[in-house]
>>> print(open('run_14.cif').read())   # mmCIF, C-alpha atoms
data_start
loop_
_atom_site.label_atom_id
_atom_site.label_comp_id
_atom_site.auth_asym_id
_atom_site.auth_seq_id
_atom_site.Cartn_x
_atom_site.Cartn_y
_atom_site.Cartn_z
CA MET M 3 -2.18 -50.29 148.44
CA LYS M 4 -3.23 -52.43 145.52
CA ALA M 5 -0.77 -54.25 143.27
CA ILE M 6 -0.86 -53.58 139.52
CA VAL M 7 -0.37 -56.65 137.33
CA PRO M 8 -0.39 -55.78 133.63
CA LYS M 9 -1.90 -58.36 131.27
CA GLY M 10 0.75 -60.68 129.91
CA PHE M 11 3.33 -59.87 132.62
CA GLY M 12 4.93 -62.70 134.53
CA ALA M 13 5.44 -62.65 138.26
CA PRO M 14 8.06 -60.19 139.57
CA LEU M 15 11.55 -61.61 140.05
CA GLY M 16 11.35 -61.12 143.82
CA MET M 17 9.28 -59.75 146.66
CA TYR M 18 7.99 -56.61 144.95
CA SER M 19 5.10 -55.52 142.72
CA HIS M 20 5.40 -54.25 139.16
CA GLY M 21 3.41 -51.23 140.33
CA VAL M 22 0.89 -50.19 142.95
CA VAL M 23 -2.09 -47.89 143.33
CA ALA M 24 -1.93 -45.97 146.60
CA SER M 25 -4.68 -44.00 148.29
CA ALA M 26 -4.20 -40.23 148.36
CA GLY M 27 -2.41 -38.65 151.27
CA GLU M 28 0.83 -37.00 152.26
CA LEU M 29 4.16 -38.46 151.14
CA VAL M 30 6.71 -39.57 153.70
CA VAL M 31 10.07 -39.71 151.91
CA VAL M 32 12.87 -41.64 153.57
CA ALA M 33 16.49 -40.86 152.73
CA GLY M 34 18.77 -43.80 152.07
CA GLN M 35 19.18 -45.91 155.19
CA VAL M 36 22.23 -48.13 155.63
CA GLY M 37 23.16 -51.11 157.78
CA MET M 38 24.21 -49.05 160.80
CA THR M 39 22.64 -49.19 164.23
CA PRO M 40 21.11 -46.03 165.73
CA ALA M 41 24.33 -45.75 167.80
CA GLY M 42 26.34 -45.45 164.57
CA ALA M 43 27.99 -48.88 164.45
CA VAL M 44 27.92 -51.02 161.30
CA ALA M 45 25.52 -53.91 162.06
CA ALA M 46 27.93 -56.56 160.73
CA ASP M 47 30.11 -57.20 157.74
CA ASP M 48 27.57 -59.39 155.92
CA ILE M 49 24.76 -58.39 153.58
CA VAL M 50 21.96 -60.21 155.46
CA ALA M 51 22.61 -58.39 158.75
CA GLN M 52 23.15 -55.02 157.06
CA THR M 53 19.96 -55.43 154.98
CA LYS M 54 17.88 -56.26 158.05
CA GLN M 55 19.33 -53.26 159.90
CA ALA M 56 18.76 -50.94 156.94
CA PHE M 57 15.10 -52.04 156.77
CA GLU M 58 14.73 -51.52 160.53
CA ASN M 59 16.09 -48.00 160.06
CA VAL M 60 13.61 -47.41 157.22
CA ARG M 61 10.82 -48.71 159.48
CA ALA M 62 11.87 -46.35 162.30
CA VAL M 63 11.75 -43.31 159.99
CA ILE M 64 8.44 -44.43 158.44
CA GLU M 65 6.88 -44.84 161.89
CA ALA M 66 8.27 -41.48 163.05
CA GLY M 67 6.48 -40.01 160.03
CA GLY M 68 3.14 -41.44 161.16
CA CYS M 69 3.06 -44.49 158.88
CA SER M 70 3.73 -48.20 159.02
CA MET M 71 5.67 -50.34 156.57
CA ARG M 72 2.32 -51.30 155.01
CA ASP M 73 2.09 -47.68 153.80
CA VAL M 74 5.35 -47.93 151.80
CA VAL M 75 4.63 -47.53 148.08
CA ARG M 76 8.18 -47.55 146.70
CA LEU M 77 11.61 -48.82 147.62
CA GLN M 78 14.94 -48.21 145.95
CA THR M 79 17.94 -50.31 146.94
CA PHE M 80 21.63 -49.90 146.27
CA LEU M 81 24.05 -52.81 146.71
CA THR M 82 27.81 -52.52 146.34
CA ARG M 83 28.32 -56.09 145.06
CA ALA M 84 26.25 -58.15 142.63
CA ALA M 85 27.31 -61.22 144.60
CA ASP M 86 25.19 -59.90 147.52
CA ILE M 87 21.87 -60.07 145.64
CA ALA M 88 21.08 -63.56 147.00
CA GLY M 89 21.80 -62.47 150.60
CA PHE M 90 19.69 -59.33 150.12
CA MET M 91 16.79 -61.47 148.84
CA LYS M 92 17.23 -63.86 151.78
CA ALA M 93 16.99 -61.01 154.30
CA ARG M 94 13.87 -59.67 152.58
CA SER M 95 12.23 -63.10 152.59
CA GLU M 96 12.77 -63.25 156.35
CA ILE M 97 11.42 -59.79 157.24
CA PHE M 98 8.84 -58.97 154.56
CA PRO M 99 6.11 -61.31 155.88
CA GLU M 100 6.11 -59.21 159.09
CA TYR M 101 6.28 -55.86 157.28
CA PHE M 102 3.78 -56.73 154.53
CA PRO M 103 1.48 -59.46 155.95
CA GLU M 104 -0.99 -59.23 153.04
CA GLY M 105 1.77 -60.27 150.63
CA VAL M 106 1.49 -57.07 148.57
CA TYR M 107 5.00 -55.70 148.26
CA PRO M 108 5.97 -52.20 147.15
CA PRO M 109 7.79 -51.78 143.85
CA ASN M 110 11.56 -51.95 144.35
CA THR M 111 14.35 -50.88 142.05
CA LEU M 112 17.63 -52.67 142.83
CA LEU M 113 20.86 -51.11 141.61
CA VAL M 114 24.41 -52.39 141.95
CA ILE M 115 26.81 -49.49 142.39
CA HIS M 116 30.53 -49.08 142.98
CA GLN M 117 30.51 -47.88 146.60
CA LEU M 118 28.45 -46.15 149.27
CA VAL M 119 29.63 -43.24 151.43
CA ARG M 120 31.71 -45.60 153.61
CA PRO M 121 33.44 -48.67 152.12
CA GLU M 122 32.22 -51.07 154.85
CA LEU M 123 28.57 -50.34 153.98
CA LEU M 124 27.05 -52.89 151.61
CA VAL M 125 23.43 -51.73 151.19
CA GLU M 126 21.37 -48.55 151.21
CA ILE M 127 17.56 -48.43 151.03
CA GLU M 128 15.30 -45.46 150.23
CA ALA M 129 11.52 -45.51 150.71
CA ILE M 130 8.37 -43.53 149.97
CA ALA M 131 5.20 -44.05 152.00
CA VAL M 132 1.76 -42.45 151.85
CA ARG M 133 0.32 -41.12 155.10
CA ARG M 134 -3.44 -41.08 154.81
CA ARG M 135 -5.20 -37.93 155.90
CA LYS M 136 -7.51 -38.65 158.79
CA GLY M 137 -11.03 -37.30 158.82
CA ARG M 138 -10.77 -35.49 155.50
CA ALA M 139 -13.49 -35.88 152.97
CA ALA M 140 -12.62 -36.49 149.35
CA PRO M 141 -12.30 -33.22 147.46
CA ALA M 142 -15.46 -32.10 145.70
CA SER M 143 -15.50 -32.10 141.94
CA ARG M 144 -15.16 -28.73 140.22
CA LYS M 145 -18.72 -28.97 138.99
CA SER M 146 -20.25 -29.49 142.43
CA ALA M 147 -17.98 -26.84 143.97
CA ALA M 148 -19.15 -24.34 141.34
CA ARG M 149 -22.78 -25.05 142.21
CA ARG M 150 -22.18 -24.20 145.86
CA ARG M 151 -20.48 -20.85 145.23
CA PRO M 152 -22.68 -17.83 145.91
CA ARG M 153 -23.30 -15.63 142.91
CA ARG M 154 -22.41 -11.98 143.04
#
>>> encode(input="run_14.cif", output="structure tokens")
Amino acid sequence: MKAIVPKGFGAPLGMYSHGVVASAGELVVVAGQVGMTPAGAVAADDIVAQTKQAFENVRAVIEAGGCSMRDVVRLQTFLTRAADIAGFMKARSEIFPEYFPEGVYPPNTLLVIHQLVRPELLVEIEAIAVRRRKGRAAPASRKSAARRRPRR
């Protein structure tokens, strides 16, 4: 994944990129993950703990899909309170160096909404990753493919 930095743009407001270029492959799409443990309990009643748990849940789905967090090319986050933005950013600053050691972060859209499916949930995170195809050659151009076709 390579970050896109348009000319004249300032740095992003947080740990994300304005855009990225991702190598071709299959998409792994992760439904919104919340701050609940795999056993179904809410991680805690604070945004930092719920954010860390939600990202761990995203990571688990990403890895089950044959990727790592470094393959994530887009995040979308929903918070239920604007006052939790600082805590959300704190949690990210603590876990992102492990998830994205090169310091290239996927684009993230952060939305503040009224409520999630359960009122005690404070954050939900969706993700898209690209799983690279192993051992597949790049597709031939149309021109070279046409040259190889037998004539009838």
>>> residues_near_point(input="run_14.cif", point="(16.1, -42.4, 154.0)", cutoff="7 Å", atoms="only C-alpha atoms", output="NGL selection string")
:M and (31-35 or 60 or 127-129)
>>> atom_distance(input="run_14.cif", atom1="CA of Met17 (chain M)", atom2="CA of Val30 (chain M)")
21.5 Å
>>> residues_around(input="run_14.cif", residues="Ala5 (chain M)", least_positions_apart="5", cutoff="8 Å", atoms="all atoms listed in the file", output="PyMOL selection string")
chain M and resi 19-23+106-107
>>> closest_residue(input="run_14.cif", among="M:Arg83, M:Lys4, M:Arg94, M:Arg135", to="Leu123 (chain M)", atoms="all atoms listed in the file")
M:Arg83
>>> resolve_selection(input="run_14.cif", expression="the PyMOL selection byres ((chain M and resi 72-74) around 9)", output="JSON, numbers by chain")
{"M": [3, 24, 30, 64, 69, 70, 71, 75, 76, 77, 101, 102, 103, 104, 106, 107, 108, 129, 130, 131, 132, 133, 134]}
>>> resolve_selection(input="run_14.cif", expression="the PyMOL selection byres ((chain M and resi 114) around 10)", output="MDAnalysis selection string")
chainID M and resid 79:87 112:113 115:117 125
>>> closest_residue(input="run_14.cif", among="M:Arg61, M:Leu124, M:Ile6, M:Pro40", to="Phe98 (chain M)", atoms="only C-alpha atoms")
M:Arg61
>>> residues_near_point(input="run_14.cif", point="(21.6, -55.5, 158.5)", cutoff="10 Å", atoms="all atoms listed in the file", output="ChimeraX atom specification")
/M:36-39,44-59,90,93,123-125
>>> closest_residue(input="run_14.cif", among="M:Pro109, M:Ser95, M:Leu118, M:Lys136", to="Val7 (chain M)", atoms="only C-alpha atoms")
M:Pro109
>>> atom_distance(input="run_14.cif", atom1="CA of Glu122 (chain M)", atom2="CA of Gln78 (chain M)")
19.6 Å
>>> atom_distance(input="run_14.cif", atom1="CA of Ile97 (chain M)", atom2="CA of Ala66 (chain M)")
19.5 Å
>>> decode(input="run_14.cif", residues="region 3-86 of chain M", atoms="C-alpha atoms", output="short mmCIF file (atom, residue, chain, number, x, y, z; two decimals), in the first residue's frame")
data_model
loop_
_atom_site.label_atom_id
_atom_site.label_comp_id
_atom_site.auth_asym_id
_atom_site.auth_seq_id
_atom_site.Cartn_x
_atom_site.Cartn_y
_atom_site.Cartn_z
CA MET M 3 0.00 0.00 0.00
CA LYS M 4 1.33 3.41 -0.93
CA ALA M 5 0.00 6.65 0.52
CA ILE M 6 -1.32 9.33 -1.84
CA VAL M 7 -0.39 12.89 -0.88
CA PRO M 8 -1.86 15.44 -3.29
CA LYS M 9 0.23 18.56 -3.97
CA GLY M 10 -0.72 21.37 -1.64
CA PHE M 11 -2.46 19.13 0.92
CA GLY M 12 -1.46 19.38 4.55
CA ALA M 13 -0.90 16.38 6.76
CA PRO M 14 -4.02 14.37 7.67
CA LEU M 15 -5.67 15.32 10.97
CA GLY M 16 -4.84 11.93 12.49
CA MET M 17 -3.38 8.52 11.84
CA TYR M 18 -4.75 7.98 8.33
CA SER M 19 -3.80 8.74 4.72
CA HIS M 20 -5.71 11.01 2.35
CA GLY M 21 -5.74 8.06 -0.05
CA VAL M 22 -3.79 4.93 -0.92
CA VAL M 23 -2.83 2.88 -3.94
CA ALA M 24 -3.28 -0.83 -3.27
CA SER M 25 -1.95 -3.74 -5.29
CA ALA M 26 -4.58 -5.80 -7.12
CA GLY M 27 -6.12 -8.77 -5.39
CA GLU M 28 -9.31 -9.97 -3.77
CA LEU M 29 -11.23 -7.71 -1.39
CA VAL M 30 -11.81 -8.78 2.19
CA VAL M 31 -14.72 -6.70 3.49
CA VAL M 32 -15.23 -6.55 7.25
CA ALA M 33 -18.66 -5.71 8.67
CA GLY M 34 -18.77 -3.18 11.48
CA GLN M 35 -17.00 -4.51 14.55
CA VAL M 36 -17.83 -3.15 17.99
CA GLY M 37 -16.18 -3.12 21.41
CA MET M 38 -17.44 -6.56 22.43
CA THR M 39 -15.28 -9.55 23.28
CA PRO M 40 -15.65 -12.76 21.25
CA ALA M 41 -17.70 -14.09 24.20
CA GLY M 42 -20.24 -11.29 23.65
CA ALA M 43 -19.45 -9.03 26.62
CA VAL M 44 -18.91 -5.29 26.19
CA ALA M 45 -15.17 -4.71 26.72
CA ALA M 46 -15.72 -1.76 29.10
CA ASP M 47 -17.75 1.39 29.31
CA ASP M 48 -14.99 3.68 28.03
CA ILE M 49 -14.08 4.58 24.46
CA VAL M 50 -10.38 3.61 24.69
CA ALA M 51 -11.12 0.01 25.74
CA GLN M 52 -14.00 -0.38 23.28
CA THR M 53 -11.89 1.04 20.42
CA LYS M 54 -9.02 -1.35 21.15
CA GLN M 55 -11.45 -4.29 21.29
CA ALA M 56 -13.18 -3.23 18.07
CA PHE M 57 -9.81 -3.08 16.29
CA GLU M 58 -8.86 -6.50 17.68
CA ASN M 59 -12.14 -7.84 16.29
CA VAL M 60 -11.36 -6.23 12.90
CA ARG M 61 -7.89 -7.81 13.03
CA ALA M 62 -9.38 -11.26 13.79
CA VAL M 63 -11.72 -11.06 10.78
CA ILE M 64 -8.95 -9.71 8.52
CA GLU M 65 -6.64 -12.55 9.53
CA ALA M 66 -9.42 -15.14 9.08
CA GLY M 67 -9.73 -13.76 5.54
CA GLY M 68 -6.06 -14.44 4.82
CA CYS M 69 -4.75 -10.90 5.35
CA SER M 70 -2.97 -8.86 7.99
CA MET M 71 -3.77 -5.37 9.20
CA ARG M 72 -1.08 -4.10 6.82
CA ASP M 73 -3.41 -5.14 3.97
CA VAL M 74 -6.22 -2.84 5.16
CA VAL M 75 -6.89 -0.13 2.56
CA ARG M 76 -9.91 1.58 4.13
CA LEU M 77 -11.49 2.08 7.52
CA GLN M 78 -14.81 3.64 8.44
CA THR M 79 -15.54 4.47 12.06
CA PHE M 80 -18.74 5.39 13.83
CA LEU M 81 -18.69 7.03 17.28
CA THR M 82 -21.80 7.77 19.31
CA ARG M 83 -20.36 10.87 21.04
CA ALA M 84 -18.18 13.66 19.66
CA ALA M 85 -16.61 13.91 23.12
CA ASP M 86 -15.05 10.45 22.50
#
